[in-house]
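Chemist: Quick one: the structure is below, questions incoming.
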Amino acid sequence: MSTRKFSIFRYNPNTPEVKPFMQEYTIEEPPGMTIFVALNKIREELDPTLMFDFVCRAAICGSCAMVINGKPRLACKTLTGDLKGTVTLMPLPVFKLIGDLSVDTGTWFRHLSVKTKSWIHSSKEFDPNAIEDRMDNETALEIYEAERCIECGCCIAGCVTANIREDFLGAAGINRVARFMVDPRDERSKKEYFEVIGSDEGAFGCMGLMACDDNCPMQLPLQMQLSFVRRKMVSFGLSAK
Amino acid sequence: MSNYTTIVSDVLVVGAGLAGERAAIEAASQGLDVIILSLVPPRRSHSTAAQGGCQASLGNCAMGSGDNTDVHFADTVKGSDWGCDQEVARLFVETAPKAVRQMSMWGVPWNRVVAGKKVLPDGREAEDPKEKEGLITARDFGGTAKWRTCYTSDGAGHTLQYAVDSVVIKLGITVHDRTEAISLIHDGENCLGVVARCLKTGELRIYLAKSTVIATGGYGRLYGASTNAVINEGNGMAIALNTGIVPLGNMEAVQFHPTGMVPVWILITEGARGDGGYLLDKNHHRFMPDYEPKKKELASRDVVSRRMIQHIRKGHGVDSPYGPHLWLDIRHLGAKHINTNLREIANICKNFNGIDPVNALIPVRPTQHYSMGGVRTNIDGYVYGLKGLFAVGEAACWDLHGFNRLGGNSLAETIVSGWIVGKKVAEYTLGAPELNHSYGLIQGFAKVQQERINNLIAGKQGKENVYSLRKEMEQTLMDYVGIFRNGPDLQKAVDNLRELYHRSLKIGLISNGKGANPELSTCLRMPGMLRLALCISYGALTRTESRGSHAREDFPKRDDVNWLKRTLAYWKEGSDLPDLQYEPVKITELPPGDRGYGEASASSAEGKKQN
């Protein structure tokens with residue numbers, strides 16, 4: 001069986017006296033090996049201190065994003081066979097490091113939800129005995145299209161603006177706002193959305209490099225969502241004058 | 001004073017999946033101070049992996065026309081093979097439509113009825129009338145008389161979790177993610193909270209609350225091949241069992257999903273068969289109608305899984321390096337349907353198998369999927385044995401599912417029982433006395449855990465390797481406690497697991513165990529996982545009948561005279577086997593009878609033919 005070399009970023013904030021370094025491991029590479037399989041093998045057979053995150057291992061929970069040979073990707077669905085030479089693994093930038101390849105995306109994304117007020121704003125009271133409000137199926141599908149974001153952080157990690165501006169909401173934030181904008185159940189006005197996203201932290205901070213769109217493992221149409229939100233914001237801006 | 005950070009709240013919810021968050025919302029809405037602990041950020045919970053949908057008898061779509069709560073009730077009881085609590089099932093079916101509509105208000109973009117005529121994949125025709133257009137639609141699922149499973153493409157769990165979590169955030173409910181409860185704190189009568197370990201720093205903390213809710217999901221990862229997320233190790237069940245006072249119900253009832261994808265065991269939703277997919281053998285023959293002429297691919301999961309293994313045993317499986325498998329065929333559903341309603345599974349096929357189900361067959365084999373058993377509660381979610389302790393969702397044995405859960409009933413259970421039990425938690429907590437208990441007692445629980453950690457790091461009890469123990473446990477359950485079971489195999493499992501359990505008390509760390517060391521996390525869980533594995537195996541060995549997912553080759557018939565009862569497994573301190581007790585199953589409406597599918601039904605049909 002062929003072998004594969006990994007070069008993995010190591011640093012544990014709980015032991016700051018040990019400076020960050022790259023550590024190399026070599027393991028056997030069976031056909032179809034994913035980085036999920038490889039990292040578990042390394043932990044169980046070579047180094048039980050290695051920290052990384054997996055949950056669903058099926059590319060639906062967003063836990064395992066890391067920088068793989070220079071690109072932010074989901075580790076669980078990355079086949080080592082598709083990569084050339086030594087596999088270099090680094091933690092996602094922007095997010096707070098927990099240790100080695102593990103970063104705190106949870107805190108970052110909760111903050112994003114709070115900041116963009118990402119819940120349905122409705123004045124209606126739930127009546128358990130009433131039938132549901134109707135919705136066009138196409139609208140439901142349109143909402144789901146944006147709702148498919150799994151908050152993995154790949155769009156944020158690959159974003160130049162997010163890397164230099166701590167308060168930038170990034171493509172995930174803009175997509176999130178777009179999700180509520182197309183939802184007829186949300187009663188927020190354009191003005192209220194403008195307050196959330198109509199600034200340099202939101203839709204206007206983007207420099208248009210669109211790495212987010214390239215890096216999204218869910219293939220969300222992030223570029224379209226950005227133009228959609230910007231159009232709405234501009235039309236509000238013009239009408240408010 | 002405590003050496004440990006101590007955090008006090010009214011309600012402590014352990015687990016931030018759908019059931020836990022839904023219960024937390026109910027308690028927080030009544031003004032209570034709620035903290036949720038979770039291994040992972042809530043939106044990474046295994047609930048988000050639920051694909052197919054959520055059963056509720058709205059009866060909006062043409063193929064669901066005439067559906068009502070009575071039909072849903074009968075399907076659920078038959079599905080459970082009369083193992084479920086019928087009062088719970090009744091409460092559940094009555095609440096499910098309301099819960100689904102509430103989720104619509106909270107933001108779930110349920111797929112909607114589109115009016116017009118349509119031809120189903122099997123040639124049947126259906127027409128959705130104009131007056132139903134725009135209402136929540138449903139798809140077909142196994143073991144149901146009507147199309148009842150409400151869905152959002154194949155991301156139902158994802159959209160539900162995001163909607164429910166959005167309300168958690170809106171209400172400002174505190175979530176401590178990457179925090180693992182490793183012990184309950186109790187005084188023998190009342191649950192007082194938990195000892196938890198921070199998975200960012202390794203710090204031990206004490207959480208105290210008037211009420212504690214276990215919502216930690218299932219234990220799928222005890223099995224070597226499971227559709228479950230890697231975090232599903234049954235932690236909440238294990239810490240409840242470890243009290244010695246709290247029983248686990250029906251742990252031998254383990255669900256195997258017919259379509260786990262070979263060889264990564266990722267779930268391919270039942271919606272694929274619900275939407276018209278077929279199961280094929282190595283000759284590309286659609287074999288399910290031979291076994292189940294009425295329900296075909298859509299009999300209950302236990303039945304379809306057994307028929308598949310039966311068919312493989314007859315030599316009709318497709319050989320592969322990972323053992324024989326069968327094919328799932330959805331090609332005839334067409335690219336448009338697959339790439340919208342079944343898009344996530346199309347992606348899964350592409351990502352993990354390099355195949356496009358639009359033109360290729362999907363290799364599948366039945367795979368561990370769900371735990372019907374769990375922390376035994378009453379209909380209000382109160383856990384047996386300790387006051388102030390509740391359980392909800394897959395972690396609980398509320399007993400909606402008996403010995404086989406219907407597809408779409410677990411997602412529905414999370415939002416229904418989370419709602420109902422959450423209300424009961426609030427009611428209990430509002431009436432509960434002020435927290436007032438001995439600090440010595442509380443610290444004692446933390447010290448026990450600290451000592452375990454110190455011993456593991458020092459290798460004081462021994463030098464057993466946790467990863468090899470774990471592999472042996474996984475393999476034992478796979479080999480001897482699978483879909484078909486028999487006395488000698490189960491005895492082997494119990495013997496092996498007992499030995500492994502003793503060895504698990506002698507684990508020593510290879511690494512230094514500093515901070516949030518992942519090896520230490522696994523070591524702390526290992527004895528608890530083995531106790532659960534023993535509850536499953538010993539319960540299965542003792543139950544000398546076949547019921548739902550528990551299929552004994554040496555006792556192939558359901559035995560209502562002797563076994564219409566629920567197993568309660570207790571773990572007495574110092575023991576290496578659970579103490580099994582039993583309680584009757586409540587039958588209020590539907591007396592035990594024929595399920596209308598499955599082996600018993602098939603043999604009775606054959607019997608009729610012969611007469």
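All residue names refer to the structure tokens as shown: chains lettered A, B, ... in order, residues numbered from 1 in each chain, ligands numbered from 1 in order.
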Near region 539-549 of chain B, within 7 Å and counting only C-alpha atoms, which residues show up once chain neighbours fewer than 6 positions away are dropped, as a ChimeraX atom specification?
Modeler: /B:80-81,251-255,302,403-404,487,490-491,555-559
Chemist: Could you please select, counting only C-alpha atoms, the residues of chain B within 7 Å of chain A and state them as a PDB file with N, CA, C and O atoms, in the first residue's frame?
Modeler:
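So iface_6.pdb came out as:
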ATOM      1  N   PRO B  41     -21.190  23.220  18.803  1.00  0.00           N
ATOM      2  CA  PRO B  41     -22.161  24.296  18.591  1.00  0.00           C
ATOM      3  C   PRO B  41     -23.503  23.683  18.169  1.00  0.00           C
ATOM      4  O   PRO B  41     -23.517  22.687  17.438  1.00  0.00           O
ATOM      5  N   ARG B  44     -24.338  22.152  14.844  1.00  0.00           N
ATOM      6  CA  ARG B  44     -23.567  20.992  14.381  1.00  0.00           C
ATOM      7  C   ARG B  44     -24.161  19.689  14.938  1.00  0.00           C
ATOM      8  O   ARG B  44     -23.607  18.619  14.737  1.00  0.00           O
ATOM      9  N   HIS B  46     -26.375  16.368  15.755  1.00  0.00           N
ATOM     10  CA  HIS B  46     -26.750  15.307  14.810  1.00  0.00           C
ATOM     11  C   HIS B  46     -28.174  15.493  14.281  1.00  0.00           C
ATOM     12  O   HIS B  46     -28.509  14.972  13.224  1.00  0.00           O
ATOM     13  N   THR B  48     -29.256  17.890  12.786  1.00  0.00           N
ATOM     14  CA  THR B  48     -29.176  18.543  11.470  1.00  0.00           C
ATOM     15  C   THR B  48     -28.966  17.533  10.354  1.00  0.00           C
ATOM     16  O   THR B  48     -29.143  17.849   9.191  1.00  0.00           O
ATOM     17  N   ALA B  49     -28.570  16.314  10.711  1.00  0.00           N
ATOM     18  CA  ALA B  49     -28.309  15.311   9.680  1.00  0.00           C
ATOM     19  C   ALA B  49     -29.575  14.590   9.248  1.00  0.00           C
ATOM     20  O   ALA B  49     -29.565  13.856   8.271  1.00  0.00           O
ATOM     21  N   LYS B  98     -49.603  20.371  15.134  1.00  0.00           N
ATOM     22  CA  LYS B  98     -49.434  21.717  15.704  1.00  0.00           C
ATOM     23  C   LYS B  98     -47.957  22.093  15.728  1.00  0.00           C
ATOM     24  O   LYS B  98     -47.573  23.223  15.415  1.00  0.00           O
ATOM     25  N   ARG B 101     -46.709  23.054  12.309  1.00  0.00           N
ATOM     26  CA  ARG B 101     -47.172  24.398  11.920  1.00  0.00           C
ATOM     27  C   ARG B 101     -46.428  25.477  12.694  1.00  0.00           C
ATOM     28  O   ARG B 101     -46.110  26.539  12.158  1.00  0.00           O
ATOM     29  N   GLN B 102     -46.141  25.185  13.948  1.00  0.00           N
ATOM     30  CA  GLN B 102     -45.371  26.149  14.741  1.00  0.00           C
ATOM     31  C   GLN B 102     -43.984  26.341  14.114  1.00  0.00           C
ATOM     32  O   GLN B 102     -43.479  27.465  14.023  1.00  0.00           O
ATOM     33  N   TRP B 106     -41.808  29.588  12.808  1.00  0.00           N
ATOM     34  CA  TRP B 106     -40.446  29.888  13.270  1.00  0.00           C
ATOM     35  C   TRP B 106     -39.431  29.932  12.134  1.00  0.00           C
ATOM     36  O   TRP B 106     -38.263  30.203  12.369  1.00  0.00           O
ATOM     37  N   GLY B 107     -39.892  29.587  10.934  1.00  0.00           N
ATOM     38  CA  GLY B 107     -38.998  29.796   9.797  1.00  0.00           C
ATOM     39  C   GLY B 107     -38.666  28.593   8.941  1.00  0.00           C
ATOM     40  O   GLY B 107     -37.934  28.729   7.964  1.00  0.00           O
ATOM     41  N   PRO B 109     -38.769  26.336   6.000  1.00  0.00           N
ATOM     42  CA  PRO B 109     -39.398  26.463   4.671  1.00  0.00           C
ATOM     43  C   PRO B 109     -39.920  25.113   4.163  1.00  0.00           C
ATOM     44  O   PRO B 109     -39.405  24.558   3.194  1.00  0.00           O
ATOM     45  N   TRP B 110     -40.911  24.570   4.860  1.00  0.00           N
ATOM     46  CA  TRP B 110     -41.478  23.281   4.436  1.00  0.00           C
ATOM     47  C   TRP B 110     -41.839  23.327   2.958  1.00  0.00           C
ATOM     48  O   TRP B 110     -42.384  24.327   2.487  1.00  0.00           O
ATOM     49  N   ASN B 111     -41.613  22.247   2.258  1.00  0.00           N
ATOM     50  CA  ASN B 111     -42.102  22.170   0.882  1.00  0.00           C
ATOM     51  C   ASN B 111     -43.636  22.240   0.898  1.00  0.00           C
ATOM     52  O   ASN B 111     -44.271  21.771   1.840  1.00  0.00           O
ATOM     53  N   ARG B 112     -44.173  22.829  -0.159  1.00  0.00           N
ATOM     54  CA  ARG B 112     -45.612  23.119  -0.192  1.00  0.00           C
ATOM     55  C   ARG B 112     -46.323  22.371  -1.310  1.00  0.00           C
ATOM     56  O   ARG B 112     -45.705  21.963  -2.292  1.00  0.00           O
ATOM     57  N   VAL B 113     -47.634  22.253  -1.133  1.00  0.00           N
ATOM     58  CA  VAL B 113     -48.457  21.588  -2.144  1.00  0.00           C
ATOM     59  C   VAL B 113     -48.480  22.425  -3.424  1.00  0.00           C
ATOM     60  O   VAL B 113     -48.696  23.629  -3.370  1.00  0.00           O
ATOM     61  N   VAL B 114     -48.211  21.772  -4.537  1.00  0.00           N
ATOM     62  CA  VAL B 114     -48.358  22.404  -5.851  1.00  0.00           C
ATOM     63  C   VAL B 114     -49.556  21.726  -6.519  1.00  0.00           C
ATOM     64  O   VAL B 114     -49.577  20.503  -6.665  1.00  0.00           O
ATOM     65  N   GLY B 134     -50.165  25.500  -1.620  1.00  0.00           N
ATOM     66  CA  GLY B 134     -49.447  26.380  -0.691  1.00  0.00           C
ATOM     67  C   GLY B 134     -49.431  25.893   0.740  1.00  0.00           C
ATOM     68  O   GLY B 134     -48.724  26.438   1.582  1.00  0.00           O
ATOM     69  N   LEU B 135     -50.211  24.836   1.038  1.00  0.00           N
ATOM     70  CA  LEU B 135     -50.142  24.260   2.388  1.00  0.00           C
ATOM     71  C   LEU B 135     -48.943  23.309   2.462  1.00  0.00           C
ATOM     72  O   LEU B 135     -48.373  22.933   1.430  1.00  0.00           O
ATOM     73  N   SER B 166     -32.540  29.541  16.006  1.00  0.00           N
ATOM     74  CA  SER B 166     -32.736  30.986  15.829  1.00  0.00           C
ATOM     75  C   SER B 166     -33.609  31.535  16.954  1.00  0.00           C
ATOM     76  O   SER B 166     -33.417  32.662  17.399  1.00  0.00           O
ATOM     77  N   VAL B 167     -34.522  30.718  17.445  1.00  0.00           N
ATOM     78  CA  VAL B 167     -35.370  31.167  18.553  1.00  0.00           C
ATOM     79  C   VAL B 167     -34.568  31.146  19.866  1.00  0.00           C
ATOM     80  O   VAL B 167     -34.716  32.035  20.710  1.00  0.00           O
ATOM     81  N   ILE B 169     -31.475  31.812  20.070  1.00  0.00           N
ATOM     82  CA  ILE B 169     -30.650  33.030  20.005  1.00  0.00           C
ATOM     83  C   ILE B 169     -31.500  34.267  20.254  1.00  0.00           C
ATOM     84  O   ILE B 169     -31.115  35.161  21.009  1.00  0.00           O
ATOM     85  N   LYS B 170     -32.679  34.288  19.653  1.00  0.00           N
ATOM     86  CA  LYS B 170     -33.599  35.422  19.842  1.00  0.00           C
ATOM     87  C   LYS B 170     -33.912  35.613  21.330  1.00  0.00           C
ATOM     88  O   LYS B 170     -33.948  36.738  21.834  1.00  0.00           O
ATOM     89  N   LYS B 200     -12.686  22.895  25.599  1.00  0.00           N
ATOM     90  CA  LYS B 200     -11.717  23.848  25.054  1.00  0.00           C
ATOM     91  C   LYS B 200     -10.468  23.873  25.919  1.00  0.00           C
ATOM     92  O   LYS B 200      -9.367  24.061  25.433  1.00  0.00           O
ATOM     93  N   THR B 201     -10.668  23.721  27.230  1.00  0.00           N
ATOM     94  CA  THR B 201      -9.528  23.880  28.147  1.00  0.00           C
ATOM     95  C   THR B 201      -9.275  22.656  29.016  1.00  0.00           C
ATOM     96  O   THR B 201      -8.219  22.543  29.629  1.00  0.00           O
ATOM     97  N   ALA B 229     -23.523  10.596  13.668  1.00  0.00           N
ATOM     98  CA  ALA B 229     -22.382  11.490  13.839  1.00  0.00           C
ATOM     99  C   ALA B 229     -21.432  10.909  14.888  1.00  0.00           C
ATOM    100  O   ALA B 229     -21.853  10.133  15.754  1.00  0.00           O
ATOM    101  N   VAL B 230     -20.173  11.311  14.818  1.00  0.00           N
ATOM    102  CA  VAL B 230     -19.175  10.725  15.721  1.00  0.00           C
ATOM    103  C   VAL B 230     -19.394  11.125  17.191  1.00  0.00           C
ATOM    104  O   VAL B 230     -18.827  10.508  18.084  1.00  0.00           O
ATOM    105  N   ILE B 231     -20.211  12.146  17.432  1.00  0.00           N
ATOM    106  CA  ILE B 231     -20.467  12.557  18.816  1.00  0.00           C
ATOM    107  C   ILE B 231     -21.537  11.706  19.493  1.00  0.00           C
ATOM    108  O   ILE B 231     -21.760  11.842  20.692  1.00  0.00           O
ATOM    109  N   ILE B 266     -22.760   6.416   5.508  1.00  0.00           N
ATOM    110  CA  ILE B 266     -23.529   7.655   5.598  1.00  0.00           C
ATOM    111  C   ILE B 266     -24.952   7.331   5.154  1.00  0.00           C
ATOM    112  O   ILE B 266     -25.170   6.536   4.242  1.00  0.00           O
ATOM    113  N   ILE B 348     -23.838  13.595  -1.417  1.00  0.00           N
ATOM    114  CA  ILE B 348     -23.169  12.571  -0.617  1.00  0.00           C
ATOM    115  C   ILE B 348     -22.635  11.456  -1.522  1.00  0.00           C
ATOM    116  O   ILE B 348     -21.504  11.000  -1.366  1.00  0.00           O
ATOM    117  N   ASN B 351     -19.622  12.987  -3.383  1.00  0.00           N
ATOM    118  CA  ASN B 351     -18.464  13.257  -2.519  1.00  0.00           C
ATOM    119  C   ASN B 351     -17.805  11.989  -2.002  1.00  0.00           C
ATOM    120  O   ASN B 351     -16.594  11.923  -1.886  1.00  0.00           O
ATOM    121  N   PHE B 352     -18.611  11.016  -1.607  1.00  0.00           N
ATOM    122  CA  PHE B 352     -18.051   9.901  -0.854  1.00  0.00           C
ATOM    123  C   PHE B 352     -17.994   8.600  -1.651  1.00  0.00           C
ATOM    124  O   PHE B 352     -17.492   7.612  -1.164  1.00  0.00           O
ATOM    125  N   TYR B 467      -8.182   3.095  22.495  1.00  0.00           N
ATOM    126  CA  TYR B 467      -8.605   2.941  21.098  1.00  0.00           C
ATOM    127  C   TYR B 467      -8.765   1.467  20.720  1.00  0.00           C
ATOM    128  O   TYR B 467      -9.654   1.105  19.954  1.00  0.00           O
ATOM    129  N   SER B 511      -0.888   9.750  26.093  1.00  0.00           N
ATOM    130  CA  SER B 511      -0.410  11.135  26.039  1.00  0.00           C
ATOM    131  C   SER B 511      -0.479  11.758  27.427  1.00  0.00           C
ATOM    132  O   SER B 511      -0.818  11.092  28.402  1.00  0.00           O
ATOM    133  N   GLY B 515      -4.982  19.844  29.202  1.00  0.00           N
ATOM    134  CA  GLY B 515      -5.979  20.662  28.514  1.00  0.00           C
ATOM    135  C   GLY B 515      -7.130  19.810  28.010  1.00  0.00           C
ATOM    136  O   GLY B 515      -7.526  18.832  28.639  1.00  0.00           O
ATOM    137  N   ASN B 517      -7.446  17.506  26.072  1.00  0.00           N
ATOM    138  CA  ASN B 517      -6.843  16.350  25.404  1.00  0.00           C
ATOM    139  C   ASN B 517      -7.911  15.379  24.897  1.00  0.00           C
ATOM    140  O   ASN B 517      -8.731  14.883  25.667  1.00  0.00           O
ATOM    141  N   PRO B 518      -7.919  15.100  23.585  1.00  0.00           N
ATOM    142  CA  PRO B 518      -8.988  14.250  23.038  1.00  0.00           C
ATOM    143  C   PRO B 518      -8.914  12.798  23.506  1.00  0.00           C
ATOM    144  O   PRO B 518      -9.950  12.137  23.604  1.00  0.00           O
ATOM    145  N   GLU B 519      -7.716  12.310  23.785  1.00  0.00           N
ATOM    146  CA  GLU B 519      -7.603  10.929  24.264  1.00  0.00           C
ATOM    147  C   GLU B 519      -8.282  10.797  25.628  1.00  0.00           C
ATOM    148  O   GLU B 519      -9.009   9.828  25.893  1.00  0.00           O
TER     149      GLU B 519
END
Chemist: Please determine, counting only C-alpha atoms, which residue among B:Leu577, B:Ala240, B:Ile35, B:Met288 has the shortest atom-to-atom distance to Phe390 (chain B).
Modeler: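 Looking only at the distances to Phe390 (chain B), the closest residue turns out to be B:Ala240.
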Chemist: State, in Å with one decimal place, the distance from CA of Pro578 (chain B) to CA of Arg531 (chain B).
Modeler: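 We find that CA of Pro578 (chain B) and CA of Arg531 (chain B) lie 7.7 Å from each other.
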Chemist: Mind listing the strand (DSSP E or B) residues of region 250-352 of chain B, per DSSP on the backbone, as a PyMOL selection string?
Modeler: chain B and resi 254-261+266-267+278-280+286+318+325-329
Chemist: Counting only C-alpha atoms, which of A:Ala171, A:Ile197, A:Val177, A:Ile27 gets nearest to Pro221 (chain A)?
Modeler: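 So, comparing all the options, the nearest one is A:Ala171.
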Chemist: Which polymer residues have any atom within 10 Å of an atom of Pro31 (chain A), counting only C-alpha atoms, with same-chain residues fewer than 5 positions away left out, as an MDAnalysis selection string?
Modeler: chainID A and resid 1:2 79:81
Chemist: Could you tell me how far CA of Met526 (chain B) sits from CA of Arg365 (chain B), in Å to one decimal place?
Modeler: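 So the answer is 27.6 Å.
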Chemist: Measure the distance from CA of Ile453 (chain B) to CA of Ala516 (chain B) in Å and round it to one decimal.
Modeler: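 One can read the CA of Ile453 (chain B) to CA of Ala516 (chain B) distance as 11.8 Å.
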Chemist: Show which residues sit within 8 Å of Ile442 (chain B), as a list of chain:residue names. Count only C-alpha atoms, and ignore same-chain residues fewer than 4 positions away.
Modeler: B:Ile185, B:His186, B:His437, B:Ser438, B:Ala446
Chemist: If we count only C-alpha atoms and set the cut-off at 9 Å, which residues sit around Met63 (chain B), ignoring sequence neighbours fewer than 6 positions away in its own chain? Please answer as JSON, numbers by chain.
Modeler: {"B": [126, 127, 128, 138, 139, 140, 146, 147, 148]}
Chemist: Produce a file of the selected residues containing all heavy atoms, as a PDB file, in the first residue's frame.
Modeler:
ATOM      1  N   ALA B 126     -52.067  11.075  -9.309  1.00  0.00           N
ATOM      2  CA  ALA B 126     -52.626  11.814  -8.166  1.00  0.00           C
ATOM      3  C   ALA B 126     -52.884  13.241  -8.614  1.00  0.00           C
ATOM      4  O   ALA B 126     -52.190  13.759  -9.492  1.00  0.00           O
ATOM      5  CB  ALA B 126     -51.635  11.802  -7.012  1.00  0.00           C
ATOM      6  N   GLU B 127     -53.889  13.841  -8.026  1.00  0.00           N
ATOM      7  CA  GLU B 127     -54.142  15.246  -8.360  1.00  0.00           C
ATOM      8  C   GLU B 127     -54.283  16.068  -7.083  1.00  0.00           C
ATOM      9  O   GLU B 127     -55.154  15.813  -6.255  1.00  0.00           O
ATOM     10  CB  GLU B 127     -55.394  15.399  -9.222  1.00  0.00           C
ATOM     11  CG  GLU B 127     -55.634  16.861  -9.574  1.00  0.00           C
ATOM     12  CD  GLU B 127     -56.684  17.073 -10.649  1.00  0.00           C
ATOM     13  OE1 GLU B 127     -57.332  16.097 -11.064  1.00  0.00           O
ATOM     14  OE2 GLU B 127     -56.848  18.252 -11.053  1.00  0.00           O
ATOM     15  N   ASP B 128     -53.385  17.040  -6.950  1.00  0.00           N
ATOM     16  CA  ASP B 128     -53.481  17.948  -5.805  1.00  0.00           C
ATOM     17  C   ASP B 128     -54.416  19.087  -6.173  1.00  0.00           C
ATOM     18  O   ASP B 128     -54.198  19.793  -7.163  1.00  0.00           O
ATOM     19  CB  ASP B 128     -52.091  18.490  -5.451  1.00  0.00           C
ATOM     20  CG  ASP B 128     -51.284  17.474  -4.676  1.00  0.00           C
ATOM     21  OD1 ASP B 128     -51.715  17.107  -3.565  1.00  0.00           O
ATOM     22  OD2 ASP B 128     -50.227  17.026  -5.174  1.00  0.00           O
ATOM     23  N   ALA B 138     -46.341  16.630   1.929  1.00  0.00           N
ATOM     24  CA  ALA B 138     -45.722  15.492   2.595  1.00  0.00           C
ATOM     25  C   ALA B 138     -45.279  14.483   1.557  1.00  0.00           C
ATOM     26  O   ALA B 138     -45.770  14.478   0.429  1.00  0.00           O
ATOM     27  CB  ALA B 138     -46.700  14.841   3.572  1.00  0.00           C
ATOM     28  N   ARG B 139     -44.326  13.637   1.960  1.00  0.00           N
ATOM     29  CA  ARG B 139     -43.880  12.552   1.081  1.00  0.00           C
ATOM     30  C   ARG B 139     -44.169  11.214   1.740  1.00  0.00           C
ATOM     31  O   ARG B 139     -44.557  11.147   2.902  1.00  0.00           O
ATOM     32  CB  ARG B 139     -42.389  12.712   0.757  1.00  0.00           C
ATOM     33  CG  ARG B 139     -41.485  12.726   1.973  1.00  0.00           C
ATOM     34  CD  ARG B 139     -39.997  12.449   1.679  1.00  0.00           C
ATOM     35  NE  ARG B 139     -39.400  13.103   0.544  1.00  0.00           N
ATOM     36  CZ  ARG B 139     -38.307  13.875   0.604  1.00  0.00           C
ATOM     37  NH1 ARG B 139     -37.733  14.135   1.777  1.00  0.00           N
ATOM     38  NH2 ARG B 139     -37.783  14.390  -0.482  1.00  0.00           N
ATOM     39  N   ASP B 140     -44.007  10.160   0.958  1.00  0.00           N
ATOM     40  CA  ASP B 140     -44.259   8.820   1.458  1.00  0.00           C
ATOM     41  C   ASP B 140     -43.050   8.341   2.268  1.00  0.00           C
ATOM     42  O   ASP B 140     -41.913   8.678   1.939  1.00  0.00           O
ATOM     43  CB  ASP B 140     -44.489   7.885   0.272  1.00  0.00           C
ATOM     44  CG  ASP B 140     -45.286   6.647   0.654  1.00  0.00           C
ATOM     45  OD1 ASP B 140     -45.726   6.564   1.816  1.00  0.00           O
ATOM     46  OD2 ASP B 140     -45.482   5.779  -0.217  1.00  0.00           O
ATOM     47  N   LYS B 146     -50.492   6.618   4.855  1.00  0.00           N
ATOM     48  CA  LYS B 146     -50.703   7.837   4.057  1.00  0.00           C
ATOM     49  C   LYS B 146     -49.367   8.539   3.858  1.00  0.00           C
ATOM     50  O   LYS B 146     -48.438   8.339   4.632  1.00  0.00           O
ATOM     51  CB  LYS B 146     -51.638   8.801   4.817  1.00  0.00           C
ATOM     52  CG  LYS B 146     -53.001   8.248   5.117  1.00  0.00           C
ATOM     53  CD  LYS B 146     -53.874   8.292   3.899  1.00  0.00           C
ATOM     54  CE  LYS B 146     -55.258   7.700   4.215  1.00  0.00           C
ATOM     55  NZ  LYS B 146     -56.076   7.617   2.996  1.00  0.00           N
ATOM     56  N   TRP B 147     -49.317   9.405   2.869  1.00  0.00           N
ATOM     57  CA  TRP B 147     -48.141  10.274   2.729  1.00  0.00           C
ATOM     58  C   TRP B 147     -48.235  11.325   3.837  1.00  0.00           C
ATOM     59  O   TRP B 147     -49.125  12.160   3.826  1.00  0.00           O
ATOM     60  CB  TRP B 147     -48.136  10.957   1.360  1.00  0.00           C
ATOM     61  CG  TRP B 147     -47.824  10.032   0.226  1.00  0.00           C
ATOM     62  CD1 TRP B 147     -48.066   8.685   0.179  1.00  0.00           C
ATOM     63  CD2 TRP B 147     -47.220  10.371  -1.024  1.00  0.00           C
ATOM     64  NE1 TRP B 147     -47.643   8.182  -1.025  1.00  0.00           N
ATOM     65  CE2 TRP B 147     -47.132   9.195  -1.776  1.00  0.00           C
ATOM     66  CE3 TRP B 147     -46.756  11.568  -1.580  1.00  0.00           C
ATOM     67  CZ2 TRP B 147     -46.586   9.180  -3.071  1.00  0.00           C
ATOM     68  CZ3 TRP B 147     -46.230  11.551  -2.858  1.00  0.00           C
ATOM     69  CH2 TRP B 147     -46.131  10.365  -3.586  1.00  0.00           C
ATOM     70  N   ARG B 148     -47.290  11.233   4.784  1.00  0.00           N
ATOM     71  CA  ARG B 148     -47.451  12.037   5.996  1.00  0.00           C
ATOM     72  C   ARG B 148     -46.159  12.757   6.391  1.00  0.00           C
ATOM     73  O   ARG B 148     -46.118  13.509   7.351  1.00  0.00           O
ATOM     74  CB  ARG B 148     -47.901  11.117   7.135  1.00  0.00           C
ATOM     75  CG  ARG B 148     -48.254  11.810   8.415  1.00  0.00           C
ATOM     76  CD  ARG B 148     -48.533  10.814   9.524  1.00  0.00           C
ATOM     77  NE  ARG B 148     -49.649   9.959   9.204  1.00  0.00           N
ATOM     78  CZ  ARG B 148     -49.618   8.622   9.264  1.00  0.00           C
ATOM     79  NH1 ARG B 148     -48.514   7.987   9.634  1.00  0.00           N
ATOM     80  NH2 ARG B 148     -50.677   7.904   8.946  1.00  0.00           N
TER      81      ARG B 148
END
Chemist: Using only C-alpha atoms, which residue out of A:Val196, A:Leu169, A:Cys206, A:Val160 lies closest to Ser227 (chain A)?
Modeler: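 That would be A:Cys206, the residue with the smallest distance to Ser227 (chain A).
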